[in-house]
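Visitor: Please find entry-v9.txt (compact mmCIF, N, CA and C atoms) on the next line:
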# COMPACT_ATOMS: atom_id res chain seq x y z
N MET A 1 20.50 -44.07 -46.53
CA MET A 1 21.11 -43.71 -45.27
C MET A 1 20.05 -43.85 -44.18
N THR A 2 20.39 -44.51 -43.11
CA THR A 2 19.45 -44.67 -42.01
C THR A 2 19.60 -43.51 -41.04
N LEU A 3 18.65 -43.40 -40.11
CA LEU A 3 18.73 -42.33 -39.11
C LEU A 3 19.98 -42.47 -38.27
N ALA A 4 20.34 -43.70 -37.90
CA ALA A 4 21.54 -43.92 -37.10
C ALA A 4 22.78 -43.49 -37.86
N THR A 5 22.82 -43.77 -39.15
CA THR A 5 23.96 -43.36 -39.97
C THR A 5 24.07 -41.85 -40.01
N LEU A 6 22.95 -41.18 -40.12
CA LEU A 6 22.95 -39.72 -40.13
C LEU A 6 23.56 -39.17 -38.85
N ALA A 7 23.26 -39.81 -37.73
CA ALA A 7 23.74 -39.32 -36.44
C ALA A 7 25.24 -39.48 -36.28
N ILE A 8 25.85 -40.50 -36.90
CA ILE A 8 27.27 -40.74 -36.69
C ILE A 8 28.13 -40.45 -37.90
N ALA A 9 27.53 -40.05 -39.00
CA ALA A 9 28.29 -39.80 -40.22
C ALA A 9 29.19 -38.58 -40.03
N PRO A 10 30.45 -38.69 -40.44
CA PRO A 10 31.32 -37.51 -40.36
C PRO A 10 30.84 -36.45 -41.34
N LEU A 11 30.87 -35.22 -40.92
CA LEU A 11 30.34 -34.13 -41.74
C LEU A 11 31.43 -33.12 -42.03
N ASN A 12 31.39 -32.56 -43.21
CA ASN A 12 32.30 -31.49 -43.59
C ASN A 12 31.71 -30.18 -43.07
N VAL A 13 32.39 -29.56 -42.13
CA VAL A 13 31.86 -28.36 -41.48
C VAL A 13 31.66 -27.23 -42.48
N ASP A 14 32.56 -27.04 -43.43
CA ASP A 14 32.42 -25.96 -44.40
C ASP A 14 31.18 -26.14 -45.27
N ALA A 15 30.94 -27.35 -45.72
CA ALA A 15 29.80 -27.62 -46.60
C ALA A 15 28.48 -27.58 -45.85
N ALA A 16 28.52 -27.83 -44.56
CA ALA A 16 27.29 -27.92 -43.78
C ALA A 16 27.03 -26.69 -42.94
N SER A 17 27.73 -25.60 -43.17
CA SER A 17 27.65 -24.45 -42.29
C SER A 17 26.27 -23.81 -42.21
N SER A 18 25.45 -23.95 -43.24
CA SER A 18 24.12 -23.34 -43.19
C SER A 18 23.04 -24.33 -43.61
N LYS A 19 23.18 -25.56 -43.22
CA LYS A 19 22.26 -26.61 -43.63
C LYS A 19 21.19 -26.86 -42.58
N THR A 20 20.01 -27.24 -43.06
CA THR A 20 18.92 -27.67 -42.20
C THR A 20 18.51 -29.06 -42.65
N VAL A 21 18.36 -29.96 -41.69
CA VAL A 21 17.97 -31.34 -41.96
C VAL A 21 16.66 -31.60 -41.23
N THR A 22 15.69 -32.19 -41.91
CA THR A 22 14.43 -32.57 -41.28
C THR A 22 14.46 -34.07 -41.03
N VAL A 23 14.15 -34.45 -39.79
CA VAL A 23 14.17 -35.85 -39.39
C VAL A 23 12.77 -36.24 -38.94
N GLY A 24 12.24 -37.32 -39.50
CA GLY A 24 10.94 -37.83 -39.08
C GLY A 24 11.10 -38.70 -37.85
N VAL A 25 10.27 -38.46 -36.83
CA VAL A 25 10.34 -39.24 -35.59
C VAL A 25 8.97 -39.81 -35.26
N VAL A 26 9.00 -40.92 -34.53
CA VAL A 26 7.77 -41.55 -34.05
C VAL A 26 7.89 -41.68 -32.54
N GLY A 27 7.01 -41.01 -31.82
CA GLY A 27 6.97 -41.11 -30.36
C GLY A 27 7.89 -40.14 -29.66
N ASP A 28 7.69 -40.05 -28.35
CA ASP A 28 8.45 -39.11 -27.52
C ASP A 28 9.90 -39.52 -27.32
N THR A 29 10.16 -40.83 -27.24
CA THR A 29 11.53 -41.29 -27.02
C THR A 29 12.42 -40.88 -28.17
N SER A 30 11.96 -41.06 -29.39
CA SER A 30 12.74 -40.65 -30.56
C SER A 30 12.92 -39.14 -30.58
N ARG A 31 11.89 -38.41 -30.21
CA ARG A 31 11.97 -36.94 -30.20
C ARG A 31 13.05 -36.47 -29.23
N GLU A 32 13.08 -37.03 -28.03
CA GLU A 32 14.08 -36.63 -27.04
C GLU A 32 15.49 -36.93 -27.53
N LEU A 33 15.67 -38.09 -28.14
CA LEU A 33 16.98 -38.46 -28.68
C LEU A 33 17.42 -37.48 -29.75
N TRP A 34 16.53 -37.18 -30.70
CA TRP A 34 16.89 -36.30 -31.80
C TRP A 34 17.04 -34.84 -31.37
N GLN A 35 16.36 -34.44 -30.31
CA GLN A 35 16.56 -33.08 -29.78
C GLN A 35 17.98 -32.95 -29.25
N ASP A 36 18.45 -33.98 -28.57
CA ASP A 36 19.82 -33.98 -28.06
C ASP A 36 20.82 -33.98 -29.22
N ILE A 37 20.58 -34.82 -30.20
CA ILE A 37 21.46 -34.87 -31.38
C ILE A 37 21.44 -33.51 -32.09
N GLY A 38 20.27 -32.89 -32.17
CA GLY A 38 20.16 -31.59 -32.82
C GLY A 38 20.97 -30.51 -32.13
N GLN A 39 20.96 -30.53 -30.81
CA GLN A 39 21.75 -29.55 -30.06
C GLN A 39 23.24 -29.75 -30.31
N ARG A 40 23.66 -30.99 -30.33
CA ARG A 40 25.09 -31.28 -30.58
C ARG A 40 25.49 -30.93 -32.01
N ALA A 41 24.62 -31.25 -32.97
CA ALA A 41 24.91 -30.94 -34.37
C ALA A 41 24.99 -29.44 -34.60
N GLN A 42 24.13 -28.69 -33.91
CA GLN A 42 24.15 -27.22 -34.04
C GLN A 42 25.46 -26.66 -33.51
N LYS A 43 25.87 -27.12 -32.34
CA LYS A 43 27.11 -26.63 -31.72
C LYS A 43 28.34 -27.01 -32.54
N LYS A 44 28.43 -28.29 -32.89
CA LYS A 44 29.66 -28.81 -33.49
C LYS A 44 29.76 -28.54 -34.99
N TYR A 45 28.63 -28.63 -35.70
CA TYR A 45 28.68 -28.54 -37.16
C TYR A 45 27.89 -27.38 -37.75
N GLY A 46 27.10 -26.68 -36.93
CA GLY A 46 26.29 -25.59 -37.44
C GLY A 46 25.09 -26.06 -38.24
N ILE A 47 24.64 -27.28 -37.97
CA ILE A 47 23.50 -27.86 -38.68
C ILE A 47 22.27 -27.74 -37.81
N THR A 48 21.17 -27.29 -38.38
CA THR A 48 19.90 -27.22 -37.68
C THR A 48 19.10 -28.46 -38.03
N ILE A 49 18.63 -29.17 -37.01
CA ILE A 49 17.79 -30.35 -37.23
C ILE A 49 16.38 -30.01 -36.81
N LYS A 50 15.46 -30.10 -37.79
CA LYS A 50 14.05 -29.90 -37.52
C LYS A 50 13.40 -31.28 -37.40
N LEU A 51 12.50 -31.41 -36.44
CA LEU A 51 11.83 -32.69 -36.21
C LEU A 51 10.41 -32.66 -36.74
N LYS A 52 10.03 -33.69 -37.45
CA LYS A 52 8.67 -33.87 -37.94
C LYS A 52 8.12 -35.14 -37.30
N GLU A 53 7.12 -34.98 -36.43
CA GLU A 53 6.57 -36.14 -35.72
C GLU A 53 5.48 -36.82 -36.53
N PHE A 54 5.58 -38.14 -36.63
CA PHE A 54 4.57 -38.94 -37.30
C PHE A 54 3.84 -39.76 -36.25
N ASN A 55 2.52 -39.70 -36.26
CA ASN A 55 1.76 -40.50 -35.31
C ASN A 55 0.58 -41.19 -35.99
N ASP A 56 0.64 -41.29 -37.30
CA ASP A 56 -0.46 -41.90 -38.04
C ASP A 56 -0.11 -43.29 -38.57
N TYR A 57 0.83 -43.95 -37.90
CA TYR A 57 1.23 -45.30 -38.31
C TYR A 57 0.23 -46.33 -37.81
N VAL A 58 0.26 -47.50 -38.41
CA VAL A 58 -0.69 -48.57 -38.04
C VAL A 58 -0.01 -49.55 -37.13
Rewrite the coordinates I just gave you, this time as structure tokens.

Guide:
Amino acid sequence: MTLATLAIAPLNVDAASSKTVTVGVVGDTSRELWQDIGQRAQKKYGITIKLKEFNDYV
């Protein structure tokens, strides 16, 4: 599953009511995008998205 798929995949609200998902991001642009997605996922599905920033790429 890609990050884009995760963002648009239909979710079962009952199964995801207390779920936390960690998403790896690279750079500030990705972080801003995923913060917005996280807010929407929390409101609509009750899912908490935690962001893990990677900056050690070559």

Visitor: Using all atoms listed in the file, which residues sit within 6 Å of Val25 in chain A once same-chain residues fewer than 6 positions away are excluded, as an MDAnalysis selection string?

Guide: chainID A and resid 31 51:54

Visitor: Please provide the set of residues having any atom within 12 Å of Ser30 in chain A, restricted to only C-alpha atoms, with same-chain residues fewer than 2 positions apart removed, written as number ranges by chain.

Guide: A: 3-4, 23-28, 32-38, 51-55

Visitor: Where does DSSP see alpha helix (DSSP H) in range 19-58 of chain A, if you list the residues as an MDAnalysis selection string?

Guide: chainID A and resid 27:45

Visitor: Rounded to one decimal, what separation in Å do you get between atom N of Lys44 in chain A and atom N of Thr22 in chain A?

Guide: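 Computing the Euclidean distance for atom N of Lys44 in chain A and atom N of Thr22 in chain A yields 16.1 Å.
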
Visitor: What does the structure give for the distance between atom C of Ile47 in chain A and atom C of Val21 in chain A, in Å to one decimal?

Guide: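 Taking atom C of Ile47 in chain A as the start and atom C of Val21 in chain A as the end point, the length is 7.6 Å.
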
Visitor: So how many Å separate CA of Asp56 in chain A and atom C of Thr29 in chain A, to one decimal?

Guide: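 We find that CA of Asp56 in chain A and atom C of Thr29 in chain A lie 16.3 Å from each other.
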